[in-house]
Amino acid sequence: MARRSRDVPQEPGYVPYHPTEERVLHRTGENGEVVAYTEDEYGVRKDDGLGVLKPVNSSGGLLFLAILLTACMGGLVYFVVQVILQNAWDIAGRTWWVFPACIFPFVVAWASYFKERKAEKLRKARNLPRPIE
C-alpha cells in the first residue's frame with residue numbers, strides 16, 4: 001500500500017471532509033460573541049451597507065415589504081387590464097419602464113424573505129443567535 005493512501009478508505013470517489021474558512025462566516029451574534037454561520041444560516045446581508053438608512057433584514061420586515069410590493073404589483077396588473085380594455089397601447093409604450101421597475105423589486109423582496117426565513121429555521125435548529133453584522 002502506498003504511503004499517501006494509508007489512512008484513506010479505498011472506495012472510489014471518496015473525498016474526506018475538511019472544514020475550510022470559505023464555508024463558514026464568522027460574525028457577531030446578538031449576544032456579542034463571534035459565531036460561525038454557514039452561508040445558509042446567515043441569511044440576507046446584515047450590515048448597514050454604508051448607507052444613510054439601515055436596510056431591512058429581519059423576516060418580519062422583509063415580509064412587510066414583500067406584501068407591500070405585491071399590492072403594487074396588483075396596481076400594475078390593474079393598469080395592464082385597463083390598457084387592454086381601453087385599447088390604449090400608446091400609454092403602455094410610453095411607460096414600459098414601469099414593468100421591470102416593479103417586477104424586479106417584487107421578486108427580490110420575496111426571494112430575500114424566503115432566504116431569511118430558511119436561515120432563521122436553520123439557526124433555531126442549531127440554537128444560534130441572530131447575526132447583527
# chains A, B, ... in the order shown; residues from 1 in each chain; ligands from 1
$ residues_around --residues "segment 36-46 of chain A" --least-positions-apart "4" --cutoff "8 Å" --atoms "only C-alpha atoms" --output "PyMOL selection string"
chain A and resi 23-27+55+57+112+115-120+122-123+131-133
$ atom_distance --atom1 "atom CA of Lys121 of chain A" --atom2 "atom CA of Cys72 of chain A"
28.9 Å
$ residues_around --residues "Pro105 of chain A" --least-positions-apart "4" --cutoff "8 Å" --atoms "only C-alpha atoms" --output "PDB file with N, CA, C and O atoms, in the first residue's frame"
ATOM      1  N   LEU A  69     -45.050  45.309  -1.867  1.00  0.00           N
ATOM      2  CA  LEU A  69     -44.742  45.248  -3.297  1.00  0.00           C
ATOM      3  C   LEU A  69     -45.735  44.371  -4.049  1.00  0.00           C
ATOM      4  O   LEU A  69     -45.987  44.598  -5.233  1.00  0.00           O
ATOM      5  N   ALA A 101     -39.296  47.895 -13.550  1.00  0.00           N
ATOM      6  CA  ALA A 101     -39.035  48.605 -12.296  1.00  0.00           C
ATOM      7  C   ALA A 101     -39.897  48.076 -11.159  1.00  0.00           C
ATOM      8  O   ALA A 101     -39.511  48.171  -9.992  1.00  0.00           O
ATOM      9  N   ALA A 109     -37.723  40.955  -3.181  1.00  0.00           N
ATOM     10  CA  ALA A 109     -38.301  41.003  -1.831  1.00  0.00           C
ATOM     11  C   ALA A 109     -38.769  39.623  -1.388  1.00  0.00           C
ATOM     12  O   ALA A 109     -38.484  39.196  -0.262  1.00  0.00           O
TER      13      ALA A 109
END
$ residues_around --residues "Leu68 of chain A" --least-positions-apart "5" --cutoff "9 Å" --atoms "only C-alpha atoms" --output "number ranges by chain"
A: 63, 73, 106
$ write_last_selection --atoms "all heavy atoms" --output "compact mmCIF listing (two decimals), in the first residue's frame"
# COMPACT_ATOMS: atom_id res chain seq x y z
N LEU A 63 -41.09 40.46 5.06
CA LEU A 63 -42.45 40.03 4.71
C LEU A 63 -43.33 41.26 4.47
O LEU A 63 -44.12 41.29 3.51
CB LEU A 63 -43.04 39.15 5.81
CG LEU A 63 -44.47 38.68 5.59
CD1 LEU A 63 -44.56 37.82 4.34
CD2 LEU A 63 -44.96 37.92 6.81
N MET A 73 -47.85 45.41 -7.27
CA MET A 73 -47.99 44.57 -8.46
C MET A 73 -49.47 44.43 -8.84
O MET A 73 -49.80 44.34 -10.03
CB MET A 73 -47.38 43.19 -8.23
CG MET A 73 -45.88 43.18 -8.23
SD MET A 73 -45.18 43.72 -9.80
CE MET A 73 -45.69 42.39 -10.84
N PHE A 106 -40.15 43.25 -6.62
CA PHE A 106 -41.12 42.25 -6.16
C PHE A 106 -40.45 40.88 -6.02
O PHE A 106 -40.58 40.22 -4.98
CB PHE A 106 -42.28 42.19 -7.17
CG PHE A 106 -43.23 41.05 -6.98
CD1 PHE A 106 -44.18 41.09 -5.97
CD2 PHE A 106 -43.19 39.94 -7.80
CE1 PHE A 106 -45.06 40.05 -5.79
CE2 PHE A 106 -44.06 38.90 -7.63
CZ PHE A 106 -45.01 38.95 -6.62
$ select_by_dssp --residues "segment 12-132 of chain A" --states "strand (DSSP E or B)" --output "list in words"
Val24, Leu25, His26, Arg27, Thr28, Gly29, Val34, Val35, Ala36, Tyr37, Thr38 and Pro131 of chain A
$ write_last_selection --atoms "N, CA, C and O atoms" --output "short mmCIF file (atom, residue, chain, number, x, y, z; two decimals), in the first residue's frame"
data_model
loop_
_atom_site.label_atom_id
_atom_site.label_comp_id
_atom_site.auth_asym_id
_atom_site.auth_seq_id
_atom_site.Cartn_x
_atom_site.Cartn_y
_atom_site.Cartn_z
N VAL A 24 -17.69 28.83 6.12
CA VAL A 24 -18.37 29.45 7.25
C VAL A 24 -18.07 30.95 7.28
O VAL A 24 -17.05 31.41 6.78
N LEU A 25 -19.01 31.69 7.86
CA LEU A 25 -18.85 33.12 8.05
C LEU A 25 -18.77 33.39 9.55
O LEU A 25 -19.64 32.96 10.30
N HIS A 26 -17.74 34.04 9.98
CA HIS A 26 -17.60 34.38 11.40
C HIS A 26 -18.17 35.77 11.61
O HIS A 26 -17.63 36.76 11.12
N ARG A 27 -19.29 35.85 12.33
CA ARG A 27 -19.98 37.12 12.56
C ARG A 27 -20.34 37.24 14.03
O ARG A 27 -20.45 36.26 14.76
N THR A 28 -20.59 38.46 14.45
CA THR A 28 -21.02 38.73 15.82
C THR A 28 -22.50 38.44 15.94
O THR A 28 -23.30 38.90 15.12
N GLY A 29 -22.88 37.68 16.97
CA GLY A 29 -24.28 37.38 17.21
C GLY A 29 -24.92 38.42 18.10
O GLY A 29 -24.27 39.36 18.57
N VAL A 34 -18.55 36.04 18.86
CA VAL A 34 -18.36 35.68 17.45
C VAL A 34 -18.83 34.24 17.24
O VAL A 34 -18.45 33.33 17.98
N VAL A 35 -19.69 34.06 16.24
CA VAL A 35 -20.28 32.76 15.95
C VAL A 35 -19.99 32.42 14.50
O VAL A 35 -19.96 33.29 13.64
N ALA A 36 -19.78 31.13 14.22
CA ALA A 36 -19.55 30.67 12.85
C ALA A 36 -20.88 30.25 12.24
O ALA A 36 -21.55 29.36 12.75
N TYR A 37 -21.28 30.91 11.16
CA TYR A 37 -22.51 30.61 10.45
C TYR A 37 -22.16 30.05 9.08
O TYR A 37 -21.22 30.53 8.44
N THR A 38 -22.94 29.10 8.60
CA THR A 38 -22.83 28.73 7.20
C THR A 38 -23.53 29.81 6.39
O THR A 38 -24.27 30.64 6.94
N PRO A 131 -27.32 36.89 13.67
CA PRO A 131 -26.15 37.76 13.45
C PRO A 131 -26.56 39.22 13.35
O PRO A 131 -27.63 39.54 12.83
#
